[in-house]
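J.: One structure coming up, written as structure tokens, with questions to follow.
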Amino acid sequence: MDTTQIIETWKIHNRINLYLLANIKEEYLADISASKGRSVGEQFAHIHQVRLMWVKAAYPELLKGQNKIEKVAITKKLLTDELNKSETAITALLQTGFEQGKIKGFKPHPAAFLGYLISHESHHRGQIMLCLKQSGHPVDRKVQYGLWEWGVR
């Protein structure tokens, strides 16, 4: 199977996350939803940490150069840098998974793993949007629609 399009789907998805992050003011990373929970910045950090959790479980060699994001250190630059690095590690994990026909610790198959990752991270993107809206800092309409422009990201 040629996995080029599947890997590109993962990369586009990461660029969508980074597009949202780039369009949030630094000070809004501290916004929290009305129901409490993680701040906007912590949501992005959580996305990164879950990626690292899977890398550790399935392909620990890829953890080299990866850093956990501490709550007190969250900045847009740090989130961007670390999300880019974990995207690269997940890309390698997916490529290996497709070659081997499995992702260690995940069932049923690598394509479902990609679906899981995208679903998980999109859920948190939705929570980020809600946090920002409830905090009085909604992203503008151009950005809202831009999250769906996979053909140009």
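Labels used: A, B, ... for chains in the order of the structure tokens, numbers from 1 for residues in each chain, and numbers from 1 for ligands as shown.
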Show which residues sit within 6 Å of range 32-49 of chain A, as a list in words. Count only C-alpha atoms, and ignore same-chain residues fewer than 5 positions away.
T.: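 So, after excluding close chain neighbours, the residues are Ile69, Leu83, Ile128, Cys131 and Gln134 of chain A.
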J.: Would you output that residue set with N, CA and C atoms, as a PDB file, in the first residue's frame?
T.:
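What landed in result-v1.pdb:
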ATOM      1  N   ILE A  69       6.170  19.142  27.804  1.00  0.00           N
ATOM      2  CA  ILE A  69       5.908  20.562  28.017  1.00  0.00           C
ATOM      3  C   ILE A  69       5.363  20.743  29.432  1.00  0.00           C
ATOM      4  N   LEU A  83       5.237  20.702  19.062  1.00  0.00           N
ATOM      5  CA  LEU A  83       4.238  20.035  18.214  1.00  0.00           C
ATOM      6  C   LEU A  83       4.851  19.637  16.874  1.00  0.00           C
ATOM      7  N   ILE A 128     -10.520  23.930  22.719  1.00  0.00           N
ATOM      8  CA  ILE A 128      -9.770  25.189  22.659  1.00  0.00           C
ATOM      9  C   ILE A 128     -10.675  26.299  22.140  1.00  0.00           C
ATOM     10  N   CYS A 131     -13.128  27.229  24.866  1.00  0.00           N
ATOM     11  CA  CYS A 131     -12.444  28.009  25.915  1.00  0.00           C
ATOM     12  C   CYS A 131     -12.292  29.467  25.489  1.00  0.00           C
ATOM     13  N   GLN A 134     -15.765  31.225  25.377  1.00  0.00           N
ATOM     14  CA  GLN A 134     -16.307  31.477  26.708  1.00  0.00           C
ATOM     15  C   GLN A 134     -15.494  32.528  27.467  1.00  0.00           C
TER      16      GLN A 134
END
J.: Find the spatial neighbours of Ala89 in chain A, counting only C-alpha atoms, within a cut-off of 8 Å - ignore same-chain residues fewer than 4 positions away - and output them as a PyMOL selection string.
T.: chain A and resi 55+62-63+85+93
J.: With C-alpha atoms retained, export the selected residues as a PDB file, in the first residue's frame.
T.:
ATOM      1  CA  VAL A  55       5.807   7.126  20.731  1.00  0.00           C
ATOM      2  CA  LEU A  62      11.853   8.252  18.538  1.00  0.00           C
ATOM      3  CA  LEU A  63      11.713   9.960  21.937  1.00  0.00           C
ATOM      4  CA  LYS A  85       8.883  17.688  16.684  1.00  0.00           C
ATOM      5  CA  LEU A  93       5.835   5.878  13.870  1.00  0.00           C
TER       6      LEU A  93
END
J.: Compare A:Val50, A:Thr96, A:Leu29, A:Thr91 by their minimum atom-to-atom distance to Lys71 in chain A, counting only C-alpha atoms, and give me the closest one.
T.: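 Answer, going by the shortest atom-to-atom distance: A:Leu29.
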J.: Could you check which of A:Tyr28, A:Trp54, A:Phe98, A:Tyr19 is closest to Ile74 in chain A, using only C-alpha atoms?
T.: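 Closest to Ile74 in chain A, using only C-alpha atoms: A:Tyr28.
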J.: A:Pro110, A:Lys102, A:Lys64, A:Tyr59: which is nearest Ile7 in chain A, counting only C-alpha atoms?
T.: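 Smallest distance to Ile7 in chain A is found for A:Pro110.
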J.: Compile the contact shell of Ile118 in chain A as a PyMOL selection string: residues with an atom at most 10 Å away, counting only C-alpha atoms, same-chain residues fewer than 6 positions apart removed.
T.: chain A and resi 9-10+13-14+112+124
J.: Counting only C-alpha atoms, what is within 9 Å of Glu82 in chain A, bar same-chain residues fewer than 4 positions away, as a PDB file with C-alpha atoms, in the first residue's frame?
T.:
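Result file is selection_19.pdb:
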ATOM      1  CA  ALA A  45       0.482  20.669  25.513  1.00  0.00           C
ATOM      2  CA  HIS A  48       1.825  16.872  22.384  1.00  0.00           C
ATOM      3  CA  GLN A  66      11.422  15.130  22.392  1.00  0.00           C
ATOM      4  CA  ASN A  67      10.509  17.220  25.440  1.00  0.00           C
ATOM      5  CA  LYS A  68       7.523  17.137  27.737  1.00  0.00           C
ATOM      6  CA  ILE A  69       5.908  20.562  28.017  1.00  0.00           C
ATOM      7  CA  LYS A  77       6.919  29.269  20.424  1.00  0.00           C
ATOM      8  CA  LEU A  78       7.491  26.281  22.702  1.00  0.00           C
ATOM      9  CA  SER A  86       6.171  15.300  17.888  1.00  0.00           C
ATOM     10  CA  GLU A  87       4.542  15.471  14.429  1.00  0.00           C
TER      11      GLU A  87
END
J.: Counting only C-alpha atoms, figure out which residue out of A:Val143, A:Val152, A:Leu117, A:Met129 gets nearest to Arg51 in chain A.
T.: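 When distances to Arg51 in chain A are compared using only C-alpha atoms, the smallest one comes from A:Leu117.
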J.: Mind checking DSSP for chain A and telling me the alpha helix (DSSP H) residues as a ChimeraX atom specification?
T.: /A:4-22,40-58,76-100,110-134,141-146
J.: If you measure from CA of Leu147 in chain A to CA of Leu130 in chain A, what distance in Å do you get, rounded to one decimal?
T.: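 Computing it gives 14.3 Å between the two atoms.
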J.: From the list A:Gly126, A:Gly151, A:Leu114, A:Val72, which residue is nearest Gln95 in chain A when using only C-alpha atoms?
T.: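 Of A:Gly126, A:Gly151, A:Leu114, A:Val72, the one nearest Gln95 in chain A is A:Leu114, counting only C-alpha atoms.
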J.: Which distance in Å separates CA of Pro138 in chain A and CA of Glu8 in chain A, to one decimal?
T.: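 Atom-to-atom, CA of Pro138 in chain A to CA of Glu8 in chain A, that is 28.9 Å.
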